[in-house]
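Peer 1: To be precise about what I am sending: the file is called structure.pdb and holds PDB, C-alpha atoms.
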```pdb
ATOM      1  CA  MET A   1     128.710  31.704  62.143  1.00  0.00           C
ATOM      2  CA  TYR A   2     128.752  29.886  65.479  1.00  0.00           C
ATOM      3  CA  TYR A   3     132.397  28.863  65.100  1.00  0.00           C
ATOM      4  CA  LEU A   4     133.404  32.362  64.015  1.00  0.00           C
ATOM      5  CA  ARG A   5     131.490  33.797  66.980  1.00  0.00           C
ATOM      6  CA  LYS A   6     133.335  31.414  69.263  1.00  0.00           C
ATOM      7  CA  LYS A   7     136.687  32.366  67.740  1.00  0.00           C
ATOM      8  CA  ALA A   8     135.958  36.087  68.045  1.00  0.00           C
ATOM      9  CA  LYS A   9     134.901  35.711  71.676  1.00  0.00           C
ATOM     10  CA  ASN A  10     137.736  33.526  72.924  1.00  0.00           C
ATOM     11  CA  PHE A  11     140.573  34.786  70.738  1.00  0.00           C
ATOM     12  CA  PRO A  12     139.990  38.510  70.026  1.00  0.00           C
ATOM     13  CA  VAL A  13     142.511  40.261  67.757  1.00  0.00           C
ATOM     14  CA  ASP A  14     144.022  43.447  69.199  1.00  0.00           C
ATOM     15  CA  GLY A  15     141.253  43.611  71.771  1.00  0.00           C
ATOM     16  CA  LEU A  16     138.483  43.933  69.176  1.00  0.00           C
ATOM     17  CA  ARG A  17     135.277  42.650  70.752  1.00  0.00           C
ATOM     18  CA  ILE A  18     132.948  41.067  68.185  1.00  0.00           C
ATOM     19  CA  THR A  19     129.915  38.836  68.312  1.00  0.00           C
ATOM     20  CA  THR A  20     127.660  37.537  65.562  1.00  0.00           C
ATOM     21  CA  THR A  21     123.994  36.733  65.115  1.00  0.00           C
ATOM     22  CA  ASP A  22     122.473  33.919  63.058  1.00  0.00           C
ATOM     23  CA  CYS A  23     119.685  33.166  60.594  1.00  0.00           C
ATOM     24  CA  LEU A  24     117.141  32.777  63.417  1.00  0.00           C
ATOM     25  CA  PHE A  25     117.805  36.337  64.532  1.00  0.00           C
ATOM     26  CA  ASP A  26     117.268  37.514  60.962  1.00  0.00           C
ATOM     27  CA  ASP A  27     113.957  35.608  60.870  1.00  0.00           C
ATOM     28  CA  LYS A  28     112.798  37.267  64.108  1.00  0.00           C
ATOM     29  CA  ILE A  29     113.776  40.767  62.979  1.00  0.00           C
ATOM     30  CA  SER A  30     112.159  40.267  59.555  1.00  0.00           C
ATOM     31  CA  ALA A  31     108.902  39.062  61.108  1.00  0.00           C
ATOM     32  CA  LEU A  32     108.843  41.968  63.550  1.00  0.00           C
ATOM     33  CA  TRP A  33     109.585  44.433  60.732  1.00  0.00           C
ATOM     34  CA  GLN A  34     106.573  43.184  58.766  1.00  0.00           C
ATOM     35  CA  GLN A  35     104.388  43.700  61.809  1.00  0.00           C
ATOM     36  CA  TYR A  36     105.913  47.147  62.460  1.00  0.00           C
ATOM     37  CA  VAL A  37     105.288  48.297  58.886  1.00  0.00           C
ATOM     38  CA  LYS A  38     101.798  46.812  58.815  1.00  0.00           C
ATOM     39  CA  LYS A  39     100.917  48.844  61.924  1.00  0.00           C
ATOM     40  CA  ASN A  40     102.253  52.085  60.393  1.00  0.00           C
ATOM     41  CA  HIS A  41     105.468  52.112  62.440  1.00  0.00           C
ATOM     42  CA  ASP A  42     103.685  51.737  65.754  1.00  0.00           C
ATOM     43  CA  VAL A  43     106.449  51.503  68.370  1.00  0.00           C
ATOM     44  CA  SER A  44     104.148  49.475  70.618  1.00  0.00           C
ATOM     45  CA  CYS A  45     105.243  46.522  68.475  1.00  0.00           C
ATOM     46  CA  ILE A  46     108.680  46.843  70.080  1.00  0.00           C
ATOM     47  CA  SER A  47     108.653  45.004  73.366  1.00  0.00           C
ATOM     48  CA  LEU A  48     111.129  43.322  75.649  1.00  0.00           C
ATOM     49  CA  ARG A  49     108.949  40.246  75.140  1.00  0.00           C
ATOM     50  CA  ASN A  50     110.188  40.068  71.550  1.00  0.00           C
ATOM     51  CA  ALA A  51     112.986  37.605  70.876  1.00  0.00           C
ATOM     52  CA  GLY A  52     115.363  40.378  69.770  1.00  0.00           C
ATOM     53  CA  PRO A  53     116.296  41.581  73.281  1.00  0.00           C
ATOM     54  CA  ASP A  54     117.261  38.048  74.289  1.00  0.00           C
ATOM     55  CA  PHE A  55     119.834  37.927  71.484  1.00  0.00           C
ATOM     56  CA  ILE A  56     121.073  41.413  72.376  1.00  0.00           C
ATOM     57  CA  CYS A  57     121.448  40.433  76.043  1.00  0.00           C
ATOM     58  CA  GLY A  58     123.687  37.485  75.169  1.00  0.00           C
ATOM     59  CA  LYS A  59     121.077  34.747  75.250  1.00  0.00           C
ATOM     60  CA  LYS A  60     119.491  32.407  72.703  1.00  0.00           C
ATOM     61  CA  ILE A  61     122.699  31.218  70.961  1.00  0.00           C
ATOM     62  CA  LEU A  62     125.882  29.524  72.191  1.00  0.00           C
ATOM     63  CA  CYS A  63     128.938  31.713  72.785  1.00  0.00           C
ATOM     64  CA  ASN A  64     126.860  34.839  72.547  1.00  0.00           C
ATOM     65  CA  THR A  65     127.944  38.021  74.349  1.00  0.00           C
ATOM     66  CA  HIS A  66     125.845  40.862  75.694  1.00  0.00           C
ATOM     67  CA  TRP A  67     126.034  43.665  73.159  1.00  0.00           C
ATOM     68  CA  LYS A  68     126.994  46.143  75.877  1.00  0.00           C
ATOM     69  CA  ASP A  69     130.339  44.348  75.930  1.00  0.00           C
ATOM     70  CA  VAL A  70     131.159  44.328  72.202  1.00  0.00           C
ATOM     71  CA  ASP A  71     132.486  46.836  69.687  1.00  0.00           C
ATOM     72  CA  GLU A  72     130.875  45.278  66.628  1.00  0.00           C
ATOM     73  CA  VAL A  73     128.124  42.818  65.703  1.00  0.00           C
ATOM     74  CA  LEU A  74     128.237  40.803  62.470  1.00  0.00           C
ATOM     75  CA  ILE A  75     124.735  40.124  61.154  1.00  0.00           C
ATOM     76  CA  PRO A  76     123.868  37.733  58.292  1.00  0.00           C
ATOM     77  CA  MET A  77     120.929  39.258  56.424  1.00  0.00           C
ATOM     78  CA  ASN A  78     118.677  37.470  53.965  1.00  0.00           C
ATOM     79  CA  LEU A  79     117.178  39.385  51.042  1.00  0.00           C
ATOM     80  CA  GLY A  80     113.989  37.328  51.227  1.00  0.00           C
ATOM     81  CA  THR A  81     112.439  36.718  47.824  1.00  0.00           C
ATOM     82  CA  HIS A  82     115.803  37.452  46.184  1.00  0.00           C
ATOM     83  CA  LYS A  83     117.273  34.349  47.901  1.00  0.00           C
ATOM     84  CA  HIS A  84     120.572  36.045  48.631  1.00  0.00           C
ATOM     85  CA  TRP A  85     122.616  36.544  51.824  1.00  0.00           C
ATOM     86  CA  ILE A  86     124.717  39.571  52.709  1.00  0.00           C
ATOM     87  CA  LEU A  87     126.678  40.539  55.822  1.00  0.00           C
ATOM     88  CA  GLY A  88     125.857  43.520  57.996  1.00  0.00           C
ATOM     89  CA  ARG A  89     128.460  44.930  60.379  1.00  0.00           C
ATOM     90  CA  LEU A  90     127.121  47.095  63.189  1.00  0.00           C
ATOM     91  CA  VAL A  91     129.921  49.349  64.503  1.00  0.00           C
ATOM     92  CA  PHE A  92     128.783  51.033  67.694  1.00  0.00           C
ATOM     93  CA  LYS A  93     131.292  53.903  67.735  1.00  0.00           C
ATOM     94  CA  ASP A  94     130.242  54.880  64.187  1.00  0.00           C
ATOM     95  CA  ARG A  95     126.528  54.378  64.856  1.00  0.00           C
ATOM     96  CA  CYS A  96     126.494  52.715  61.468  1.00  0.00           C
ATOM     97  CA  ILE A  97     125.690  49.399  59.779  1.00  0.00           C
ATOM     98  CA  TYR A  98     128.147  48.572  56.993  1.00  0.00           C
ATOM     99  CA  LEU A  99     126.928  46.228  54.259  1.00  0.00           C
ATOM    100  CA  TYR A 100     129.114  43.572  52.616  1.00  0.00           C
ATOM    101  CA  ASN A 101     127.449  42.228  49.476  1.00  0.00           C
ATOM    102  CA  SER A 102     128.985  39.702  47.079  1.00  0.00           C
ATOM    103  CA  LEU A 103     126.730  40.960  44.269  1.00  0.00           C
ATOM    104  CA  ASP A 104     127.813  44.279  42.780  1.00  0.00           C
ATOM    105  CA  SER A 105     125.011  45.941  40.854  1.00  0.00           C
ATOM    106  CA  ALA A 106     122.579  48.793  41.338  1.00  0.00           C
ATOM    107  CA  LEU A 107     119.773  46.312  42.018  1.00  0.00           C
ATOM    108  CA  ALA A 108     121.870  44.346  44.520  1.00  0.00           C
ATOM    109  CA  ARG A 109     122.762  47.531  46.400  1.00  0.00           C
ATOM    110  CA  LYS A 110     119.101  48.588  46.476  1.00  0.00           C
ATOM    111  CA  ASN A 111     118.007  45.182  47.780  1.00  0.00           C
ATOM    112  CA  GLY A 112     120.775  45.203  50.374  1.00  0.00           C
ATOM    113  CA  LEU A 113     119.753  48.618  51.668  1.00  0.00           C
ATOM    114  CA  GLU A 114     116.155  47.445  51.949  1.00  0.00           C
ATOM    115  CA  ALA A 115     117.277  44.382  53.930  1.00  0.00           C
ATOM    116  CA  ALA A 116     119.350  46.560  56.263  1.00  0.00           C
ATOM    117  CA  GLU A 117     116.585  49.089  56.865  1.00  0.00           C
ATOM    118  CA  LYS A 118     114.759  46.870  59.328  1.00  0.00           C
ATOM    119  CA  TYR A 119     117.913  46.583  61.448  1.00  0.00           C
ATOM    120  CA  ALA A 120     118.729  50.291  61.169  1.00  0.00           C
ATOM    121  CA  VAL A 121     115.258  51.165  62.452  1.00  0.00           C
ATOM    122  CA  LEU A 122     114.464  48.395  64.941  1.00  0.00           C
ATOM    123  CA  LEU A 123     117.819  47.999  66.739  1.00  0.00           C
ATOM    124  CA  PRO A 124     117.840  51.572  68.155  1.00  0.00           C
ATOM    125  CA  LEU A 125     114.315  50.985  69.454  1.00  0.00           C
ATOM    126  CA  PHE A 126     115.447  47.802  71.198  1.00  0.00           C
ATOM    127  CA  PHE A 127     118.528  49.546  72.573  1.00  0.00           C
ATOM    128  CA  ALA A 128     116.379  52.354  73.972  1.00  0.00           C
ATOM    129  CA  SER A 129     114.047  49.816  75.628  1.00  0.00           C
ATOM    130  CA  LEU A 130     117.043  48.053  77.166  1.00  0.00           C
ATOM    131  CA  ASP A 131     118.768  51.366  78.016  1.00  0.00           C
ATOM    132  CA  LEU A 132     121.819  49.795  76.396  1.00  0.00           C
ATOM    133  CA  PHE A 133     123.979  52.897  76.135  1.00  0.00           C
ATOM    134  CA  ALA A 134     123.593  53.596  79.846  1.00  0.00           C
ATOM    135  CA  LEU A 135     125.292  50.244  80.418  1.00  0.00           C
ATOM    136  CA  ARG A 136     128.442  51.167  78.511  1.00  0.00           C
ATOM    137  CA  SER A 137     130.887  53.990  79.097  1.00  0.00           C
ATOM    138  CA  ASP A 138     133.020  53.445  75.988  1.00  0.00           C
ATOM    139  CA  ILE A 139     130.694  55.302  73.615  1.00  0.00           C
ATOM    140  CA  ASP A 140     131.330  59.037  73.274  1.00  0.00           C
ATOM    141  CA  MET A 141     127.816  60.465  73.074  1.00  0.00           C
ATOM    142  CA  THR A 142     129.275  63.857  72.054  1.00  0.00           C
ATOM    143  CA  SER A 143     131.060  62.417  69.007  1.00  0.00           C
ATOM    144  CA  PRO A 144     129.807  63.410  65.524  1.00  0.00           C
ATOM    145  CA  ALA A 145     128.135  60.000  65.146  1.00  0.00           C
ATOM    146  CA  TYR A 146     125.955  60.532  68.242  1.00  0.00           C
ATOM    147  CA  ARG A 147     125.730  64.285  68.617  1.00  0.00           C
ATOM    148  CA  ASP A 148     122.218  65.671  68.048  1.00  0.00           C
ATOM    149  CA  LYS A 149     120.828  62.141  67.719  1.00  0.00           C
ATOM    150  CA  ASN A 150     117.873  60.810  69.646  1.00  0.00           C
ATOM    151  CA  PRO A 151     118.345  57.304  71.092  1.00  0.00           C
ATOM    152  CA  THR A 152     115.624  55.950  68.798  1.00  0.00           C
ATOM    153  CA  ASP A 153     116.889  57.552  65.573  1.00  0.00           C
ATOM    154  CA  ALA A 154     117.718  55.021  62.847  1.00  0.00           C
ATOM    155  CA  PHE A 155     121.325  53.980  62.352  1.00  0.00           C
ATOM    156  CA  ARG A 156     123.238  55.114  59.309  1.00  0.00           C
ATOM    157  CA  VAL A 157     123.732  52.434  56.621  1.00  0.00           C
ATOM    158  CA  LYS A 158     126.741  52.386  54.297  1.00  0.00           C
ATOM    159  CA  VAL A 159     127.489  50.004  51.419  1.00  0.00           C
ATOM    160  CA  VAL A 160     131.098  48.781  51.361  1.00  0.00           C
ATOM    161  CA  THR A 161     132.579  48.812  47.848  1.00  0.00           C
ATOM    162  CA  GLY A 162     135.556  47.143  46.220  1.00  0.00           C
ATOM    163  CA  LEU A 163     134.594  43.657  47.389  1.00  0.00           C
ATOM    164  CA  PRO A 164     135.019  40.404  45.450  1.00  0.00           C
ATOM    165  CA  SER A 165     131.915  39.374  43.506  1.00  0.00           C
ATOM    166  CA  GLN A 166     130.347  35.951  43.265  1.00  0.00           C
ATOM    167  CA  SER A 167     129.932  34.203  39.930  1.00  0.00           C
ATOM    168  CA  GLU A 168     128.059  31.168  41.284  1.00  0.00           C
ATOM    169  CA  ASN A 169     125.507  30.676  44.075  1.00  0.00           C
ATOM    170  CA  ASP A 170     128.175  31.230  46.728  1.00  0.00           C
ATOM    171  CA  CYS A 171     126.645  34.046  48.780  1.00  0.00           C
ATOM    172  CA  GLY A 172     126.778  32.007  52.020  1.00  0.00           C
ATOM    173  CA  ALA A 173     130.466  31.246  51.557  1.00  0.00           C
ATOM    174  CA  TYR A 174     131.141  34.929  50.884  1.00  0.00           C
ATOM    175  CA  VAL A 175     129.292  35.947  54.056  1.00  0.00           C
ATOM    176  CA  LEU A 176     131.501  33.591  56.075  1.00  0.00           C
ATOM    177  CA  ALA A 177     134.631  34.820  54.297  1.00  0.00           C
ATOM    178  CA  PHE A 178     133.780  38.479  54.914  1.00  0.00           C
ATOM    179  CA  ALA A 179     133.046  37.736  58.580  1.00  0.00           C
ATOM    180  CA  GLU A 180     136.306  35.875  59.094  1.00  0.00           C
ATOM    181  CA  TYR A 181     138.392  38.664  57.579  1.00  0.00           C
ATOM    182  CA  LEU A 182     136.634  41.244  59.765  1.00  0.00           C
ATOM    183  CA  ILE A 183     137.112  39.159  62.929  1.00  0.00           C
ATOM    184  CA  GLN A 184     140.807  38.814  62.121  1.00  0.00           C
ATOM    185  CA  LYS A 185     141.064  42.561  61.355  1.00  0.00           C
ATOM    186  CA  ARG A 186     142.433  41.777  57.906  1.00  0.00           C
ATOM    187  CA  PRO A 187     141.529  43.602  54.674  1.00  0.00           C
ATOM    188  CA  ILE A 188     139.175  41.686  52.386  1.00  0.00           C
ATOM    189  CA  PRO A 189     141.046  40.915  49.141  1.00  0.00           C
ATOM    190  CA  SER A 190     139.363  41.860  45.892  1.00  0.00           C
ATOM    191  CA  ASP A 191     140.640  38.627  44.307  1.00  0.00           C
ATOM    192  CA  LEU A 192     139.308  36.262  46.973  1.00  0.00           C
ATOM    193  CA  ASN A 193     139.354  32.624  45.822  1.00  0.00           C
ATOM    194  CA  ILE A 194     136.031  31.541  47.256  1.00  0.00           C
ATOM    195  CA  VAL A 195     136.482  27.898  46.171  1.00  0.00           C
ATOM    196  CA  HIS A 196     139.641  27.568  48.254  1.00  0.00           C
ATOM    197  CA  HIS A 197     138.005  29.381  51.148  1.00  0.00           C
ATOM    198  CA  ARG A 198     134.933  27.116  51.061  1.00  0.00           C
ATOM    199  CA  ASP A 199     137.098  23.980  50.880  1.00  0.00           C
ATOM    200  CA  ARG A 200     139.201  25.217  53.804  1.00  0.00           C
ATOM    201  CA  ILE A 201     136.147  25.928  55.958  1.00  0.00           C
ATOM    202  CA  SER A 202     134.648  22.535  55.087  1.00  0.00           C
ATOM    203  CA  PHE A 203     137.880  20.771  56.063  1.00  0.00           C
ATOM    204  CA  LEU A 204     138.165  22.656  59.358  1.00  0.00           C
ATOM    205  CA  LEU A 205     134.549  21.875  60.255  1.00  0.00           C
ATOM    206  CA  TYR A 206     135.107  18.198  59.449  1.00  0.00           C
ATOM    207  CA  GLU A 207     138.288  18.063  61.525  1.00  0.00           C
ATOM    208  CA  TYR A 208     136.620  19.832  64.427  1.00  0.00           C
ATOM    209  CA  GLY A 209     133.590  17.539  64.244  1.00  0.00           C
ATOM    210  CA  MET A 210     135.815  14.452  64.264  1.00  0.00           C
ATOM    211  CA  LYS A 211     137.743  15.821  67.240  1.00  0.00           C
ATOM    212  CA  LYS A 212     134.494  16.344  69.136  1.00  0.00           C
ATOM    213  CA  MET A 213     133.501  12.754  68.442  1.00  0.00           C
ATOM    214  CA  THR A 214     136.839  11.144  69.317  1.00  0.00           C
ATOM    215  CA  GLU A 215     137.366  13.231  72.454  1.00  0.00           C
ATOM    216  CA  ASN A 216     133.685  13.101  73.457  1.00  0.00           C
ATOM    217  CA  ILE A 217     133.415  16.887  73.671  1.00  0.00           C
ATOM    218  CA  ASP A 218     130.082  18.217  74.896  1.00  0.00           C
ATOM    219  CA  SER A 219     128.654  21.226  73.050  1.00  0.00           C
ATOM    220  CA  GLY A 220     128.125  22.969  76.364  1.00  0.00           C
ATOM    221  CA  GLU A 221     131.868  22.888  76.966  1.00  0.00           C
ATOM    222  CA  GLU A 222     132.483  24.864  73.788  1.00  0.00           C
ATOM    223  CA  VAL A 223     131.322  28.115  75.327  1.00  0.00           C
ATOM    224  CA  GLU A 224     134.791  28.574  76.829  1.00  0.00           C
ATOM    225  CA  PRO A 225     138.051  26.772  75.944  1.00  0.00           C
ATOM    226  CA  LYS A 226     138.777  23.776  78.145  1.00  0.00           C
ATOM    227  CA  ASN A 227     142.167  25.137  79.233  1.00  0.00           C
ATOM    228  CA  MET A 228     140.351  28.273  80.445  1.00  0.00           C
ATOM    229  CA  ASN A 229     137.919  26.138  82.453  1.00  0.00           C
ATOM    230  CA  ARG A 230     140.825  24.235  83.975  1.00  0.00           C
ATOM    231  CA  GLU A 231     142.540  27.493  84.923  1.00  0.00           C
ATOM    232  CA  LEU A 232     139.382  28.811  86.571  1.00  0.00           C
ATOM    233  CA  LYS A 233     138.977  25.566  88.522  1.00  0.00           C
ATOM    234  CA  ARG A 234     142.654  25.676  89.537  1.00  0.00           C
ATOM    235  CA  ARG A 235     142.294  29.210  90.831  1.00  0.00           C
ATOM    236  CA  GLY A 236     139.140  28.232  92.716  1.00  0.00           C
ATOM    237  CA  LYS A 237     140.865  25.304  94.427  1.00  0.00           C
ATOM    238  CA  LYS A 238     143.852  27.490  95.284  1.00  0.00           C
ATOM    239  CA  LYS A 239     141.607  30.125  96.836  1.00  0.00           C
ATOM    240  CA  ILE A 240     139.802  27.501  98.945  1.00  0.00           C
ATOM    241  CA  ALA A 241     143.153  26.092 100.075  1.00  0.00           C
ATOM    242  CA  GLU A 242     144.305  29.536 101.139  1.00  0.00           C
TER     243      GLU A 242
END
```
Is it possible to give me this structure as structure tokens?
Peer 2:
Amino acid sequence: MYYLRKKAKNFPVDGLRITTTDCLFDDKISALWQQYVKKNHDVSCISLRNAGPDFICGKKILCNTHWKDVDEVLIPMNLGTHKHWILGRLVFKDRCIYLYNSLDSALARKNGLEAAEKYAVLLPLFFASLDLFALRSDIDMTSPAYRDKNPTDAFRVKVVTGLPSQSENDCGAYVLAFAEYLIQKRPIPSDLNIVHHRDRISFLLYEYGMKKMTENIDSGEEVEPKNMNRELKRRGKKKIAE
């Protein structure tokens, strides 16, 4: 997800601003949800000292972006004891989390909705604590999605249908495939060849890793493209000269 997050940040398609989370974020949200449920939905569990706000404010992971500056957030979600990964897509203008699941059955949909519930409930509480919507002017608070809603009301959750289904233990590859199609603003094909997609991703990661080794690229430099850093330095030197 890191490389897709980097691609979405540095090379947005048609101005679509997207960031992603990671498995550590899912661990933090899941742990907090257990505590929240155990304490009978006591909102005192929700604190800016939790790790969640750091992720939301653009910290914790490389190439992250403050969520006040994005249109969508792609969230890998683990179904816990079911040992299955799905992709959540938080769309701010819709006030909705869309679920992309590579298993298509009544049980899989039920498990996916249960996994998404913790995000649908906890994220609005974090946003209210951070006063997130006061920081962005692009959200129409009078739109049907937001009208008559309290800031802490749970987000709507919708299961996306018509997706390709896995036949092997390929849920992680499907999550990456779904995320890449969404970042590129391309429709997800129902006949996705996940073997080809997995091989392609593996090859690209290998090539990128080899390039980092041969060109001695530091991970810290990956936050922004090198040519962008050079351009910023050039502009700085020019300004000093003037």
Peer 1: From the set A:Asn216, A:Thr19, A:Thr142, A:Asn169, which residue has the shortest atom-to-atom contact distance to Asp69 in chain A, counting all atoms listed in the file?
Peer 2: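 With all atoms listed in the file as the atom set, the closest residue is A:Thr19.
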Peer 1: Could you pull the residues within 12 Å of range 20-26 of chain A, counting all atoms listed in the file, minus those fewer than 5 positions along the same chain, as a ChimeraX atom specification?
Peer 2: /A:1-9,31-33,50-67,70-80,85-90,115-116,118-119,122-123,172,175-176,179-180,182-183
Peer 1: Would you put the residues from that selection into a file with C-alpha atoms, as a PDB file, in the coordinates of the input?
Peer 2:
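Output file part.pdb follows:
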```
ATOM      1  CA  MET A   1     128.710  31.704  62.143  1.00  0.00           C
ATOM      2  CA  TYR A   2     128.752  29.886  65.479  1.00  0.00           C
ATOM      3  CA  TYR A   3     132.397  28.863  65.100  1.00  0.00           C
ATOM      4  CA  LEU A   4     133.404  32.362  64.015  1.00  0.00           C
ATOM      5  CA  ARG A   5     131.490  33.797  66.980  1.00  0.00           C
ATOM      6  CA  LYS A   6     133.335  31.414  69.263  1.00  0.00           C
ATOM      7  CA  LYS A   7     136.687  32.366  67.740  1.00  0.00           C
ATOM      8  CA  ALA A   8     135.958  36.087  68.045  1.00  0.00           C
ATOM      9  CA  LYS A   9     134.901  35.711  71.676  1.00  0.00           C
ATOM     10  CA  ALA A  31     108.902  39.062  61.108  1.00  0.00           C
ATOM     11  CA  LEU A  32     108.843  41.968  63.550  1.00  0.00           C
ATOM     12  CA  TRP A  33     109.585  44.433  60.732  1.00  0.00           C
ATOM     13  CA  ASN A  50     110.188  40.068  71.550  1.00  0.00           C
ATOM     14  CA  ALA A  51     112.986  37.605  70.876  1.00  0.00           C
ATOM     15  CA  GLY A  52     115.363  40.378  69.770  1.00  0.00           C
ATOM     16  CA  PRO A  53     116.296  41.581  73.281  1.00  0.00           C
ATOM     17  CA  ASP A  54     117.261  38.048  74.289  1.00  0.00           C
ATOM     18  CA  PHE A  55     119.834  37.927  71.484  1.00  0.00           C
ATOM     19  CA  ILE A  56     121.073  41.413  72.376  1.00  0.00           C
ATOM     20  CA  CYS A  57     121.448  40.433  76.043  1.00  0.00           C
ATOM     21  CA  GLY A  58     123.687  37.485  75.169  1.00  0.00           C
ATOM     22  CA  LYS A  59     121.077  34.747  75.250  1.00  0.00           C
ATOM     23  CA  LYS A  60     119.491  32.407  72.703  1.00  0.00           C
ATOM     24  CA  ILE A  61     122.699  31.218  70.961  1.00  0.00           C
ATOM     25  CA  LEU A  62     125.882  29.524  72.191  1.00  0.00           C
ATOM     26  CA  CYS A  63     128.938  31.713  72.785  1.00  0.00           C
ATOM     27  CA  ASN A  64     126.860  34.839  72.547  1.00  0.00           C
ATOM     28  CA  THR A  65     127.944  38.021  74.349  1.00  0.00           C
ATOM     29  CA  HIS A  66     125.845  40.862  75.694  1.00  0.00           C
ATOM     30  CA  TRP A  67     126.034  43.665  73.159  1.00  0.00           C
ATOM     31  CA  VAL A  70     131.159  44.328  72.202  1.00  0.00           C
ATOM     32  CA  ASP A  71     132.486  46.836  69.687  1.00  0.00           C
ATOM     33  CA  GLU A  72     130.875  45.278  66.628  1.00  0.00           C
ATOM     34  CA  VAL A  73     128.124  42.818  65.703  1.00  0.00           C
ATOM     35  CA  LEU A  74     128.237  40.803  62.470  1.00  0.00           C
ATOM     36  CA  ILE A  75     124.735  40.124  61.154  1.00  0.00           C
ATOM     37  CA  PRO A  76     123.868  37.733  58.292  1.00  0.00           C
ATOM     38  CA  MET A  77     120.929  39.258  56.424  1.00  0.00           C
ATOM     39  CA  ASN A  78     118.677  37.470  53.965  1.00  0.00           C
ATOM     40  CA  LEU A  79     117.178  39.385  51.042  1.00  0.00           C
ATOM     41  CA  GLY A  80     113.989  37.328  51.227  1.00  0.00           C
ATOM     42  CA  TRP A  85     122.616  36.544  51.824  1.00  0.00           C
ATOM     43  CA  ILE A  86     124.717  39.571  52.709  1.00  0.00           C
ATOM     44  CA  LEU A  87     126.678  40.539  55.822  1.00  0.00           C
ATOM     45  CA  GLY A  88     125.857  43.520  57.996  1.00  0.00           C
ATOM     46  CA  ARG A  89     128.460  44.930  60.379  1.00  0.00           C
ATOM     47  CA  LEU A  90     127.121  47.095  63.189  1.00  0.00           C
ATOM     48  CA  ALA A 115     117.277  44.382  53.930  1.00  0.00           C
ATOM     49  CA  ALA A 116     119.350  46.560  56.263  1.00  0.00           C
ATOM     50  CA  LYS A 118     114.759  46.870  59.328  1.00  0.00           C
ATOM     51  CA  TYR A 119     117.913  46.583  61.448  1.00  0.00           C
ATOM     52  CA  LEU A 122     114.464  48.395  64.941  1.00  0.00           C
ATOM     53  CA  LEU A 123     117.819  47.999  66.739  1.00  0.00           C
ATOM     54  CA  GLY A 172     126.778  32.007  52.020  1.00  0.00           C
ATOM     55  CA  VAL A 175     129.292  35.947  54.056  1.00  0.00           C
ATOM     56  CA  LEU A 176     131.501  33.591  56.075  1.00  0.00           C
ATOM     57  CA  ALA A 179     133.046  37.736  58.580  1.00  0.00           C
ATOM     58  CA  GLU A 180     136.306  35.875  59.094  1.00  0.00           C
ATOM     59  CA  LEU A 182     136.634  41.244  59.765  1.00  0.00           C
ATOM     60  CA  ILE A 183     137.112  39.159  62.929  1.00  0.00           C
TER      61      ILE A 183
END
```
Peer 1: At what distance in Å, to one decimal, does CA of Ile201 in chain A lie from CA of Ala177 in chain A?
Peer 2: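 Between CA of Ala177 in chain A and CA of Ile201 in chain A the gap is 9.2 Å.
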Peer 1: Could you tell me how far CA of Leu16 in chain A sits from CA of Ala128 in chain A, in Å to one decimal place?
Peer 2: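 One can read the CA of Ala128 in chain A to CA of Leu16 in chain A distance as 24.1 Å.
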Peer 1: Care to translate the PyMOL selection byres ((chain A and resi 190) around 6) into actual residues of this file, as a short mmCIF file (atom, residue, chain, number, x, y, z; two decimals) with C-alpha atoms, in the frame of the given file?
Peer 2:
```
data_model
loop_
_atom_site.label_atom_id
_atom_site.label_comp_id
_atom_site.auth_asym_id
_atom_site.auth_seq_id
_atom_site.Cartn_x
_atom_site.Cartn_y
_atom_site.Cartn_z
CA LEU A 163 134.59 43.66 47.39
CA PRO A 164 135.02 40.40 45.45
CA PRO A 189 141.05 40.92 49.14
CA ASP A 191 140.64 38.63 44.31
CA LEU A 192 139.31 36.26 46.97
#
```
Peer 1: What gap, in Å, lies between CA of Gly15 in chain A and CA of Pro151 in chain A?
Peer 2: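 Straight-line distance from CA of Gly15 in chain A to CA of Pro151 in chain A works out to 26.7 Å.
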Peer 1: I would like the residues chosen by the PyMOL selection byres ((chain A and resi 94-97) around 7) on the shown file; could you give them as a CSV table (one decimal) with C-alpha atoms, in the frame of the given file?
Peer 2:
```csv
chain,number,residue,atom,x,y,z
A,88,GLY,CA,125.9,43.5,58.0
A,89,ARG,CA,128.5,44.9,60.4
A,90,LEU,CA,127.1,47.1,63.2
A,91,VAL,CA,129.9,49.3,64.5
A,92,PHE,CA,128.8,51.0,67.7
A,93,LYS,CA,131.3,53.9,67.7
A,98,TYR,CA,128.1,48.6,57.0
A,99,LEU,CA,126.9,46.2,54.3
A,145,ALA,CA,128.1,60.0,65.1
A,155,PHE,CA,121.3,54.0,62.4
A,156,ARG,CA,123.2,55.1,59.3
A,157,VAL,CA,123.7,52.4,56.6
A,158,LYS,CA,126.7,52.4,54.3
```
Peer 1: Ranking A:Glu215, A:Asp14, A:Asp27, A:Glu168 by minimum distance to Ser102 in chain A and counting all atoms listed in the file, which one comes first?
Peer 2: A:Glu168
Peer 1: Select, from A:Tyr174, A:Tyr36, A:Phe11, A:Tyr100, the residue with the minimum atom-to-atom distance to Arg198 in chain A, counting only C-alpha atoms.
Peer 2: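 When distances to Arg198 in chain A are compared using only C-alpha atoms, the smallest one comes from A:Tyr174.
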Peer 1: Using the chain letters and numbering of this document, enumerate as a list in words the residues selected by the PyMOL selection byres ((chain A and resi 154) around 7).
Peer 2: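 Answer for the PyMOL selection byres ((chain A and resi 154) around 7): Ala120, Val121, Pro124, Thr152, Asp153, Phe155 and Arg156 of chain A.
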Peer 1: Padding 8 Å on each side, edges along x, y and z: where is the centre of the box around the listed atoms of range 151-156 of chain A, and how long are its edges in Å to one decimal? Output it as AutoDock Vina command-line options.
Peer 2:
```
--center_x 119.4 --center_y 55.8 --center_z 65.2 --size_x 23.6 --size_y 19.6 --size_z 27.8
```
